[in-house]
Every structure is written in C-alpha cells, then in structure tokens.
>>> print(open('start.csv').read())   # CSV, C-alpha atoms
chain,number,residue,atom,x,y,z
A,1,MET,CA,3.0,-24.7,-5.6
A,2,ASP,CA,1.8,-21.7,-3.6
A,3,THR,CA,-0.8,-20.1,-5.9
A,4,GLY,CA,-4.4,-19.2,-5.4
A,5,SER,CA,-7.7,-20.2,-6.9
A,6,ALA,CA,-10.8,-18.6,-8.4
A,7,SER,CA,-12.8,-20.3,-5.6
A,8,ALA,CA,-11.3,-17.8,-3.1
A,9,PHE,CA,-13.6,-15.1,-4.6
A,10,GLU,CA,-16.7,-15.7,-2.6
A,11,ARG,CA,-17.8,-12.5,-0.7
A,12,MET,CA,-18.5,-9.0,-2.0
A,13,GLY,CA,-17.7,-5.8,-0.2
A,14,THR,CA,-15.8,-7.2,2.9
A,15,LEU,CA,-12.8,-5.2,4.0
A,16,GLY,CA,-9.3,-5.9,5.4
A,17,VAL,CA,-6.6,-3.3,6.2
A,18,GLU,CA,-2.9,-4.2,6.4
A,19,GLU,CA,-0.6,-1.6,7.9
A,20,GLU,CA,3.2,-1.7,8.0
A,21,PHE,CA,4.9,0.2,10.9
A,22,TYR,CA,8.4,0.9,12.2
A,23,VAL,CA,9.5,-0.5,15.5
A,24,VAL,CA,11.4,2.3,17.2
A,25,ASP,CA,13.3,2.9,20.4
A,26,GLY,CA,12.5,5.6,23.0
A,27,ASP,CA,14.0,8.2,20.8
A,28,GLY,CA,11.9,7.2,17.9
A,29,ARG,CA,14.8,5.6,16.0
A,30,PRO,CA,14.3,2.3,14.1
A,31,THR,CA,15.5,-0.7,16.1
A,32,SER,CA,15.3,-4.5,15.9
A,33,GLY,CA,12.1,-5.5,17.6
A,34,SER,CA,10.0,-7.6,15.4
A,35,ASP,CA,11.3,-10.9,16.8
A,36,GLN,CA,10.1,-10.0,20.3
A,37,LEU,CA,6.8,-8.7,19.1
A,38,VAL,CA,6.0,-11.7,16.8
A,39,TYR,CA,7.8,-14.5,18.6
A,40,GLY,CA,8.2,-13.2,22.1
A,41,ASP,CA,6.8,-14.8,25.3
A,42,ARG,CA,3.8,-12.3,25.5
A,43,GLU,CA,0.7,-12.9,23.4
A,44,PRO,CA,-0.4,-9.8,21.7
A,45,PRO,CA,-3.7,-8.4,23.0
A,46,GLU,CA,-6.9,-8.7,21.0
A,47,PRO,CA,-7.5,-8.0,18.2
A,48,LEU,CA,-3.8,-8.2,17.3
A,49,ALA,CA,-3.3,-11.9,18.3
A,50,GLY,CA,-2.6,-13.9,15.2
A,51,ARG,CA,-2.7,-10.7,13.1
A,52,ILE,CA,0.9,-9.5,13.4
A,53,ASP,CA,4.0,-10.4,11.4
A,54,HIS,CA,7.4,-9.0,10.7
A,55,GLU,CA,8.7,-7.8,7.4
A,56,LEU,CA,12.0,-7.9,5.7
A,57,PHE,CA,13.8,-5.7,8.3
A,58,LYS,CA,13.5,-6.4,12.0
A,59,SER,CA,12.5,-2.8,12.4
A,60,VAL,CA,9.3,-3.2,10.4
A,61,ILE,CA,6.1,-4.9,11.5
A,62,GLU,CA,2.8,-5.6,9.8
A,63,THR,CA,-0.7,-5.7,11.3
A,64,GLN,CA,-4.0,-6.9,9.9
A,65,THR,CA,-7.5,-6.1,10.9
A,66,PRO,CA,-10.0,-8.8,11.3
A,67,LEU,CA,-12.4,-9.3,8.4
A,68,ILE,CA,-14.7,-6.3,8.4
A,69,ASP,CA,-18.2,-6.8,7.2
A,70,ASP,CA,-19.5,-3.3,8.0
A,71,PRO,CA,-17.6,-0.4,6.2
A,72,GLY,CA,-18.9,1.9,8.9
A,73,SER,CA,-16.8,0.1,11.6
A,74,VAL,CA,-13.4,0.6,9.8
A,75,HIS,CA,-12.3,3.3,12.2
A,76,ASP,CA,-13.0,1.2,15.2
A,77,HIS,CA,-11.1,-1.8,13.8
A,78,VAL,CA,-8.1,0.2,12.7
A,79,SER,CA,-7.9,2.0,16.0
A,80,ALA,CA,-8.3,-1.2,18.0
A,81,VAL,CA,-5.4,-2.9,16.1
A,82,ARG,CA,-3.2,0.2,16.6
A,83,GLU,CA,-4.0,0.5,20.3
A,84,ALA,CA,-3.2,-3.2,20.7
A,85,LEU,CA,0.1,-2.8,18.8
A,86,VAL,CA,1.2,0.2,20.9
A,87,GLU,CA,0.4,-1.7,24.1
A,88,HIS,CA,2.2,-4.8,22.9
A,89,ALA,CA,5.3,-2.8,21.9
A,90,GLU,CA,5.4,-0.9,25.1
A,91,SER,CA,5.5,-4.2,27.0
A,92,TYR,CA,8.9,-4.7,25.4
A,93,ASP,CA,10.0,-1.0,25.8
A,94,PHE,CA,9.4,-0.3,22.1
A,95,ARG,CA,7.3,2.4,20.4
A,96,VAL,CA,5.7,2.4,16.9
A,97,ALA,CA,6.0,4.9,14.1
A,98,GLY,CA,4.2,5.4,10.8
A,99,ALA,CA,5.6,6.6,7.5
A,100,GLY,CA,6.4,5.3,4.0
A,101,LEU,CA,10.1,5.5,4.9
A,102,HIS,CA,11.5,6.3,8.3
A,103,PRO,CA,13.6,9.5,8.0
A,104,ALA,CA,16.3,8.3,10.4
A,105,ALA,CA,16.5,4.7,8.9
A,106,VAL,CA,19.9,3.9,7.3
A,107,TRP,CA,19.5,0.5,5.7
A,108,ARG,CA,23.1,-0.6,6.1
A,109,ASP,CA,22.8,-0.2,9.8
A,110,LEU,CA,19.6,-2.3,10.2
A,111,ASP,CA,19.1,-6.0,10.7
A,112,HIS,CA,17.3,-8.2,8.2
A,113,ALA,CA,14.8,-10.7,9.4
A,114,GLU,CA,15.9,-14.3,9.6
A,115,LYS,CA,12.7,-15.9,8.4
A,116,PRO,CA,13.5,-18.3,5.6
A,117,ARG,CA,11.2,-16.6,3.1
A,118,TYR,CA,13.1,-13.3,3.5
A,119,ARG,CA,16.5,-14.9,3.5
A,120,SER,CA,15.6,-16.5,0.2
A,121,GLN,CA,14.4,-13.1,-1.2
A,122,LEU,CA,17.7,-11.4,-0.1
A,123,ASP,CA,19.7,-14.1,-1.8
A,124,ARG,CA,17.7,-14.1,-5.0
A,125,ILE,CA,17.0,-10.3,-5.4
A,126,GLN,CA,20.2,-9.0,-3.8
A,127,TYR,CA,20.8,-5.2,-3.6
A,128,PRO,CA,17.3,-3.9,-4.2
A,129,GLN,CA,15.9,-6.1,-1.5
A,130,HIS,CA,18.8,-5.5,0.9
A,131,ARG,CA,17.8,-1.7,1.1
A,132,ASN,CA,14.0,-2.1,1.0
A,133,THR,CA,13.2,-0.3,4.3
A,134,THR,CA,9.7,0.6,3.0
A,135,ALA,CA,6.3,0.6,4.8
A,136,GLY,CA,3.0,0.7,3.0
A,137,LEU,CA,-0.8,0.6,3.5
A,138,HIS,CA,-2.8,-2.2,1.8
A,139,VAL,CA,-6.6,-2.2,1.5
A,140,HIS,CA,-8.4,-5.4,0.6
A,141,VAL,CA,-12.0,-5.4,-0.7
A,142,GLY,CA,-13.8,-8.7,-1.1
A,143,VAL,CA,-15.1,-9.5,-4.6
A,144,ASP,CA,-17.4,-12.5,-5.3
A,145,ASP,CA,-16.2,-13.5,-8.7
A,146,ALA,CA,-12.6,-14.0,-10.0
A,147,ASP,CA,-13.3,-12.5,-13.5
A,148,LYS,CA,-15.0,-9.5,-11.9
A,149,ALA,CA,-12.0,-9.0,-9.5
A,150,THR,CA,-9.6,-9.0,-12.5
A,151,TRP,CA,-11.8,-6.6,-14.5
A,152,ILE,CA,-12.0,-4.2,-11.4
A,153,ALA,CA,-8.2,-4.4,-10.9
A,154,ASN,CA,-7.7,-3.3,-14.5
A,155,ARG,CA,-9.8,-0.2,-14.0
A,156,VAL,CA,-8.5,0.7,-10.6
A,157,ARG,CA,-5.1,1.4,-12.1
A,158,TRP,CA,-5.8,4.9,-13.3
A,159,VAL,CA,-6.7,6.2,-9.8
A,160,LEU,CA,-3.6,4.7,-8.2
A,161,PRO,CA,-1.3,7.6,-9.0
A,162,PRO,CA,-3.7,10.2,-7.5
A,163,LEU,CA,-4.0,7.9,-4.4
A,164,LEU,CA,-0.2,7.9,-4.1
A,165,ALA,CA,-0.1,11.7,-4.5
A,166,LEU,CA,-2.6,12.0,-1.6
A,167,SER,CA,-0.7,9.5,0.6
A,168,ALA,CA,2.9,10.7,-0.1
A,169,ASN,CA,4.6,10.5,3.2
A,170,SER,CA,8.2,9.6,2.5
A,171,PRO,CA,10.4,12.5,1.4
A,172,PHE,CA,13.5,11.3,3.3
A,173,TRP,CA,15.5,8.1,2.7
A,174,ASN,CA,18.8,7.1,4.2
A,175,GLY,CA,18.9,10.4,6.1
A,176,PHE,CA,18.6,12.8,3.2
A,177,ASP,CA,15.9,14.7,1.3
A,178,THR,CA,15.2,12.9,-2.0
A,179,GLY,CA,13.3,15.7,-3.6
A,180,LEU,CA,10.4,13.3,-4.0
A,181,ALA,CA,7.1,13.3,-2.2
A,182,SER,CA,7.0,9.5,-2.0
A,183,ALA,CA,10.5,8.0,-2.2
A,184,ARG,CA,9.1,4.8,-0.8
A,185,ALA,CA,7.3,4.2,-4.1
A,186,LYS,CA,10.5,4.6,-6.1
A,187,VAL,CA,12.6,2.5,-3.7
A,188,PHE,CA,10.0,-0.3,-3.7
A,189,GLU,CA,9.8,-0.2,-7.5
A,190,ASN,CA,13.5,-1.3,-7.7
A,191,LEU,CA,12.2,-4.8,-6.8
A,192,PRO,CA,10.9,-7.2,-9.4
A,193,ASN,CA,7.2,-7.6,-10.0
A,194,THR,CA,6.3,-4.2,-8.5
A,195,GLY,CA,4.7,-1.0,-9.8
A,196,MET,CA,1.8,-0.6,-12.2
A,197,PRO,CA,0.6,-4.0,-13.4
A,198,GLY,CA,-0.3,-4.8,-17.0
A,199,HIS,CA,-3.8,-5.5,-18.2
A,200,PHE,CA,-5.2,-9.0,-17.8
A,201,SER,CA,-8.1,-10.0,-20.1
A,202,ASP,CA,-9.7,-12.2,-17.4
A,203,PHE,CA,-8.9,-14.2,-14.3
A,204,ALA,CA,-7.6,-17.2,-16.3
A,205,ALA,CA,-4.9,-14.9,-17.8
A,206,TYR,CA,-3.9,-13.6,-14.4
A,207,ASP,CA,-3.9,-17.1,-12.9
A,208,ALA,CA,-1.8,-18.4,-15.7
A,209,PHE,CA,0.7,-15.6,-15.2
A,210,GLU,CA,0.9,-16.2,-11.4
A,211,ARG,CA,1.4,-20.0,-11.9
A,212,ARG,CA,4.1,-19.5,-14.6
A,213,MET,CA,6.0,-17.1,-12.4
A,214,VAL,CA,6.1,-19.7,-9.7
A,215,GLU,CA,6.9,-22.6,-12.1
A,216,HIS,CA,9.8,-20.6,-13.7
A,217,GLY,CA,11.3,-19.8,-10.3
A,218,SER,CA,10.8,-16.1,-10.7
A,219,ILE,CA,8.8,-16.0,-7.4
A,220,GLU,CA,8.4,-18.5,-4.6
A,221,ASP,CA,4.7,-17.8,-3.9
A,222,ARG,CA,1.8,-15.6,-5.1
A,223,GLY,CA,2.6,-13.1,-2.4
A,224,GLU,CA,5.7,-12.0,-4.3
A,225,LEU,CA,3.7,-10.4,-7.0
A,226,TRP,CA,4.0,-7.0,-5.4
A,227,PHE,CA,2.0,-4.9,-7.9
A,228,ASP,CA,0.2,-1.7,-6.9
A,229,VAL,CA,-3.1,-3.5,-7.3
A,230,ARG,CA,-3.8,-7.2,-7.8
A,231,PRO,CA,-6.6,-9.8,-7.5
A,232,HIS,CA,-5.5,-11.5,-4.3
A,233,THR,CA,-6.0,-15.1,-5.1
A,234,GLY,CA,-5.7,-16.2,-1.5
A,235,HIS,CA,-8.1,-13.8,0.2
A,236,GLY,CA,-10.5,-13.4,-2.7
A,237,THR,CA,-10.1,-9.6,-2.8
A,238,VAL,CA,-8.9,-6.7,-4.9
A,239,GLU,CA,-5.9,-5.5,-3.0
A,240,VAL,CA,-4.8,-1.9,-3.5
A,241,ARG,CA,-1.2,-1.5,-2.3
A,242,THR,CA,-0.3,2.0,-3.5
A,243,PRO,CA,-0.4,4.3,-0.4
A,244,ASP,CA,2.5,5.1,1.9
A,245,ALA,CA,2.1,4.1,5.5
A,246,GLN,CA,0.6,6.7,7.8
A,247,SER,CA,0.9,7.8,11.4
A,248,ASP,CA,-2.7,9.2,11.6
A,249,PRO,CA,-5.5,6.6,11.5
A,250,GLU,CA,-7.9,9.2,10.1
A,251,VAL,CA,-5.8,9.3,6.9
A,252,VAL,CA,-6.0,5.5,6.7
A,253,CYS,CA,-9.7,5.4,7.1
A,254,ALA,CA,-10.1,8.0,4.3
A,255,PHE,CA,-8.2,5.8,1.9
A,256,VAL,CA,-10.3,2.8,3.0
A,257,GLU,CA,-13.5,4.6,2.5
A,258,TYR,CA,-12.6,5.5,-1.1
A,259,VAL,CA,-11.1,2.2,-2.1
A,260,HIS,CA,-14.2,0.3,-0.8
A,261,ALA,CA,-16.6,2.7,-2.6
A,262,LEU,CA,-14.6,2.5,-5.8
A,263,VAL,CA,-14.4,-1.3,-5.9
A,264,VAL,CA,-18.1,-1.7,-5.1
A,265,ASP,CA,-19.1,0.8,-7.8
A,266,LEU,CA,-17.0,-1.0,-10.3
A,267,ALA,CA,-18.5,-4.3,-9.3
A,268,GLU,CA,-21.9,-2.9,-10.0
A,269,ARG,CA,-20.7,-1.6,-13.4
A,270,TYR,CA,-19.4,-5.1,-14.2
A,271,GLU,CA,-22.8,-6.6,-13.5
A,272,ASP,CA,-24.4,-4.0,-15.8
A,273,GLU,CA,-22.2,-4.9,-18.7
A,274,SER,CA,-23.7,-7.4,-21.1
A,275,ASP,CA,-20.2,-8.4,-22.2
A,276,PRO,CA,-17.6,-6.9,-19.8
A,277,ALA,CA,-14.7,-8.3,-21.7
A,278,ALA,CA,-15.7,-6.4,-24.8
A,279,GLY,CA,-14.8,-3.1,-23.2
A,280,ASP,CA,-11.2,-4.4,-22.9
A,281,ALA,CA,-10.6,-4.5,-26.6
A,282,GLY,CA,-8.2,-1.9,-28.0
A,283,VAL,CA,-6.1,-1.8,-24.8
A,284,GLY,CA,-3.6,0.6,-26.5
A,285,GLY,CA,-6.2,3.2,-27.3
A,286,ALA,CA,-7.7,6.0,-25.2
A,287,GLY,CA,-10.8,4.4,-23.8
A,288,GLY,CA,-13.8,6.0,-22.1
A,289,PRO,CA,-14.1,7.8,-18.8
A,290,ASP,CA,-14.2,4.6,-16.8
A,291,HIS,CA,-11.9,2.6,-18.9
A,292,ALA,CA,-8.5,2.6,-17.3
A,293,GLY,CA,-7.7,-0.5,-19.2
A,294,GLY,CA,-7.6,1.6,-22.4
A,295,LEU,CA,-4.8,3.9,-21.3
A,296,ARG,CA,-1.3,2.8,-22.3
A,297,ARG,CA,0.7,1.4,-19.4
A,298,GLU,CA,3.5,3.8,-20.2
A,299,LEU,CA,1.1,6.7,-19.5
A,300,LEU,CA,0.0,5.1,-16.2
A,301,ASP,CA,3.6,4.9,-15.3
A,302,GLU,CA,4.1,8.5,-16.2
A,303,ASN,CA,1.2,9.4,-13.9
A,304,LYS,CA,2.8,7.4,-11.1
A,305,TRP,CA,6.1,9.2,-11.5
A,306,ARG,CA,4.3,12.6,-11.3
A,307,ALA,CA,2.7,11.5,-8.0
A,308,MET,CA,6.0,10.3,-6.6
A,309,ARG,CA,7.8,13.5,-7.6
A,310,HIS,CA,5.2,16.2,-6.9
A,311,GLY,CA,2.7,14.7,-4.5
A,312,ARG,CA,-0.2,17.1,-4.0
A,313,GLY,CA,1.1,19.3,-6.8
A,314,ALA,CA,0.9,16.6,-9.4
A,315,SER,CA,-1.3,16.7,-12.5
A,316,PHE,CA,-2.1,13.6,-14.5
A,317,VAL,CA,-2.7,12.4,-18.0
A,318,ASP,CA,-6.5,11.8,-18.0
A,319,ARG,CA,-8.3,8.6,-18.9
A,320,ASP,CA,-8.9,9.9,-22.4
A,321,GLY,CA,-5.1,10.0,-23.0
A,322,ASP,CA,-5.3,13.5,-24.5
A,323,SER,CA,-6.0,15.9,-21.6
A,324,VAL,CA,-4.3,16.6,-18.3
A,325,VAL,CA,-6.2,16.9,-15.0
A,326,ASP,CA,-4.9,18.3,-11.6
A,327,LEU,CA,-5.3,16.5,-8.3
A,328,PRO,CA,-8.1,18.7,-6.9
A,329,THR,CA,-10.2,18.0,-10.0
A,330,VAL,CA,-9.7,14.3,-9.6
A,331,VAL,CA,-10.7,14.5,-5.9
A,332,ASP,CA,-13.8,16.5,-6.6
A,333,ARG,CA,-14.8,14.2,-9.5
A,334,GLU,CA,-14.3,11.0,-7.5
A,335,CYS,CA,-15.9,12.3,-4.3
A,336,ASP,CA,-19.0,13.5,-6.2
A,337,ARG,CA,-19.3,10.4,-8.3
A,338,LEU,CA,-19.0,7.9,-5.4
A,339,ASP,CA,-20.6,10.1,-2.7
A,340,VAL,CA,-17.5,10.0,-0.3
A,341,GLU,CA,-15.7,12.8,1.5
A,342,GLY,CA,-12.4,11.2,2.7
A,343,LEU,CA,-10.3,12.2,-0.3
A,344,ARG,CA,-11.4,15.9,0.2
A,345,PHE,CA,-10.3,15.6,3.8
A,346,LEU,CA,-6.9,14.3,2.6
A,347,LEU,CA,-6.5,17.1,0.1
A,348,GLU,CA,-7.4,19.8,2.5
A,349,ARG,CA,-4.9,18.8,5.2
A,350,GLU,CA,-1.2,19.3,5.1
A,351,SER,CA,0.5,16.4,3.2
A,352,GLY,CA,2.7,13.9,5.0
A,353,ALA,CA,5.7,14.9,2.9
A,354,SER,CA,5.2,18.6,3.5
A,355,ARG,CA,4.7,18.1,7.2
A,356,GLN,CA,7.8,16.0,7.5
A,357,ARG,CA,9.9,18.6,5.7
A,358,ARG,CA,8.4,21.4,7.7
A,359,ILE,CA,9.0,19.8,11.1
A,360,ARG,CA,12.6,18.8,10.2
A,361,GLU,CA,13.3,22.3,9.0
A,362,GLU,CA,11.7,24.0,12.0
A,363,ARG,CA,12.5,21.6,14.9
A,364,GLY,CA,15.0,19.1,13.6
A,365,ILE,CA,15.2,15.3,13.1
A,366,ASP,CA,14.5,14.4,16.8
A,367,ALA,CA,11.1,16.3,16.6
A,368,LEU,CA,10.3,14.6,13.3
A,369,CYS,CA,10.9,11.1,14.7
A,370,ARG,CA,8.6,11.9,17.7
A,371,ASP,CA,5.9,13.3,15.3
A,372,LEU,CA,5.8,10.0,13.5
A,373,LEU,CA,4.9,8.0,16.6
A,374,ILE,CA,1.4,6.7,16.1
A,375,ASP,CA,0.4,7.2,19.8
A,376,GLU,CA,0.9,10.9,19.1
A,377,HIS,CA,-1.9,10.8,16.6
A,378,GLY,CA,-4.6,9.1,18.7
A,379,VAL,CA,-3.6,5.7,17.3
>>> encode(input="start.csv", output="structure tokens")
Amino acid sequence: MDTGSASAFERMGTLGVEEEFYVVDGDGRPTSGSDQLVYGDREPPEPLAGRIDHELFKSVIETQTPLIDDPGSVHDHVSAVREALVEHAESYDFRVAGAGLHPAAVWRDLDHAEKPRYRSQLDRIQYPQHRNTTAGLHVHVGVDDADKATWIANRVRWVLPPLLALSANSPFWNGFDTGLASARAKVFENLPNTGMPGHFSDFAAYDAFERRMVEHGSIEDRGELWFDVRPHTGHGTVEVRTPDAQSDPEVVCAFVEYVHALVVDLAERYEDESDPAAGDAGVGGAGGPDHAGGLRRELLDENKWRAMRHGRGASFVDRDGDSVVDLPTVVDRECDRLDVEGLRFLLERESGASRQRRIREERGIDALCRDLLIDEHGV
C-alpha cells in the first residue's frame, strides 16, 4: 500500500519547488517530447538529473528543485533548474513554455503518456483525465510534526483563492477564450480528489482517509489526492498546489516567498497554542482572523470560483464569514503581517491572464505562443 507516515515530518522550513511545463516545437506549439527528455540517451544536466518526470500528456514535463535549506537561495535554484531544462530540451530540438493551460493545446490531438500509472488513471477516470492538459506550480515547505502539518494545511485553505487569483495564467483552453482567468483550475477540478480539501482534525484523521482511499480502490497511491493543499506524507511537507504554472521565474519566487513565510508563521502559532486542536471546534462557524478551519467549505469553494472567474478583480468572503474583502486588501494585509513583498510585486504587474489576452488580441496566437517560452523570460 503506497501511503505515507507521520515519521516523514522531520524538518521545519525546508523548501522544494515543482514546476510543470509544456514541451513545444520551434513554433511554440505543444508536441510529444517527454519520452525523449525523461528516457532519452542524454542525461539531463545538473541540477535536473533525477529531478525530471513526464506528466499525463507527452507534451507536459515536471521538474523539481533540490531540497532548499536557505529560503534566500530559492531564485538561484529555480533558475538553475529552468536553465538546465532549456538546455536539455534544446539538445532534442524542443523548447519549453510556461502557462496553466497552453493556448494552442487541443487535447484530442495530443498523445498521452504510456507510463502504467497514467494508463491506469485514464482507464479509471476516463473523460476528465483524457482532457487534463493542465500545468501547475507546487510549493513544498517542510514541517517537523505531522499534527502540526495537518493544522497548518487547514488554515492555509483561506488564502488559496487569493493565491489562485494572483497566479491566474490560463484564459484559453482548447483554442478558445473561456472567459475565466484560470481555466486550468476548473479543468483540473473535474478530476476526483481535487479542489478545496475538507477539514481534518489531526494527522490521524488525514492518514486514515488516505489509507481508506487506497484500500477502497479510489486511488492507487497517496499522490492521487490532488487537493489544493495537503500534508505530503511522503516528503513531510505542507504542499500548496493552487497556482497556475508560470513562464516568469520572478513570479514563481514571489509565490514561494509567501508560502514559506505563511507556513513558518503558522508553525509558530501552533507552538504557541496550549491546545491547538481546541481552536478547531465549531468548524461550521465563522472563526477568528487566523482560523480558516472555521469557514464553511462551501464558502471556501465560492472564493475559489471568484478567483477562477475574475482573477485580479476578485473579492472574497473574509475569514469571519460575514464581510467581503478585495484582493489588494488581502495582499496588503498578508504582506504587512508576514513582512514579505512578493505578493505586492504580483499585484502590481500585469496578470498572466490579461497579458495572454492582450498579446493574442494585438499580435495573434503565434506571438502568444512565443511569449510563453520560458527562455524569453530569463528562465
């Protein structure tokens, strides 16, 4: 049974960044290239060696940074992995693009991976997985206690919709404008075990759920619990999986800065609680300012829908369940509270969704495909 363990949660504050990219041809159009990049006769250059894998479609590839001990070195690690990927792809005459959905991807025309794990998912899930051409950004922060990680994941949930709104970079799917800022989030939510997770009282409750899902045949391994945040029982981290994939590494680093600061702050709050579990009573109520577990999941889902639909223009049901707050207020509140600036950087720049629409309108789809190439953004 492929499930994790509480013993995996050993280190506090470490980081890992997983990015999903599109393998594209010289014109920037998605193409089947993951087999060559992962299984080809050329070893990927460091630090990519052993940290590259394909995804469901042969046109999507995933990279991982090494374990990062120093948060100040995130930019160096992210850039090094991207540079290695571009170099490796170029050796096979491929290029690499970053977006939540590729605007020129038509899922019926793309090849699925032949890896047994993915063939099993296609057979089991059928249509929703057959069209899952999505690419995301996943941030892992190490936590040194399993109950603490579960407590943190509960509270992280409220900020996930604002993070999605800031990351929204997928207005086009299957060649048409969806009217959404993040169509990736909606396409991905068609899969089972995705979206906003429920509240778990402690790690034992999460572990029991994970094991039952495997035992009942709902999933084949823990990796198929694709929630927007989860205690990762293999890596011993809190994994935030909300953002769309990005072409610009500066955007990635801004998200990593915030997620790391948020998880570390919540870990300190957990340590200060005499009885952390006591704050989780009354899950259906409003809760205090730092008590995302107290907001009904239906309202968290509403907030996520607002982010998907409106992106930067979204407003959100606040933690108290009674008021509404706009995205700039959330950004200012979080940046001031955690002494970070990356979210302000994201808010001030043109959003990915707006940029994609503008470039396609002004210069056409060919120019948009070129703009998504990661080597056009300093990798």
>>> closest_residue(input="start.csv", among="A:Gly136, A:Pro116, A:Pro171, A:Pro231", to="Asn154 in chain A", atoms="all atoms listed in the file")
A:Pro231
>>> closest_residue(input="start.csv", among="A:Gly33, A:Pro328, A:Gly16, A:Pro128", to="Thr63 in chain A", atoms="all atoms listed in the file")
A:Gly16
>>> closest_residue(input="start.csv", among="A:Gln64, A:Thr31, A:Asn169, A:Ser120", to="Ala105 in chain A", atoms="only C-alpha atoms")
A:Thr31
>>> closest_residue(input="start.csv", among="A:Trp158, A:Arg95, A:Ser247, A:Asp69", to="Asp25 in chain A", atoms="all atoms listed in the file")
A:Arg95
>>> closest_residue(input="start.csv", among="A:Ile125, A:Val60, A:Ala181, A:Ala149", to="Asp111 in chain A", atoms="only C-alpha atoms")
A:Val60
>>> closest_residue(input="start.csv", among="A:His140, A:Phe9, A:Lys148, A:Thr134", to="Arg269 in chain A", atoms="all atoms listed in the file")
A:Lys148
>>> residues_around(input="start.csv", residues="range 308-314 of chain A", least_positions_apart="3", cutoff="9 Å", atoms="only C-alpha atoms", output="MDAnalysis selection string")
chainID A and resid 161:162 164:169 179:186 303:305 326:328 347 351 353
>>> residues_around(input="start.csv", residues="Glu224 in chain A", least_positions_apart="4", cutoff="12 Å", atoms="all atoms listed in the file", output="VMD selection string")
chain A and resid 2 to 3 117 to 118 120 to 121 125 191 to 194 210 to 211 213 to 214 217 to 220 228 230 232
>>> residues_around(input="start.csv", residues="Leu373 in chain A", least_positions_apart="4", cutoff="12 Å", atoms="only C-alpha atoms", output="ChimeraX atom specification")
/A:21-30,82,86,94-99,102,246-249,366-369,377-379
>>> residues_around(input="start.csv", residues="Glu341 in chain A", least_positions_apart="4", cutoff="10 Å", atoms="only C-alpha atoms", output="VMD selection string")
chain A and resid 254 257 to 258 331 to 332 334 to 336 345 to 346
>>> atom_distance(input="start.csv", atom1="CA of Ser32 in chain A", atom2="CA of Ser59 in chain A")
4.8 Å
>>> atom_distance(input="start.csv", atom1="CA of Asp207 in chain A", atom2="CA of Glu302 in chain A")
27.0 Å
>>> atom_distance(input="start.csv", atom1="CA of His112 in chain A", atom2="CA of Gly100 in chain A")
17.9 Å
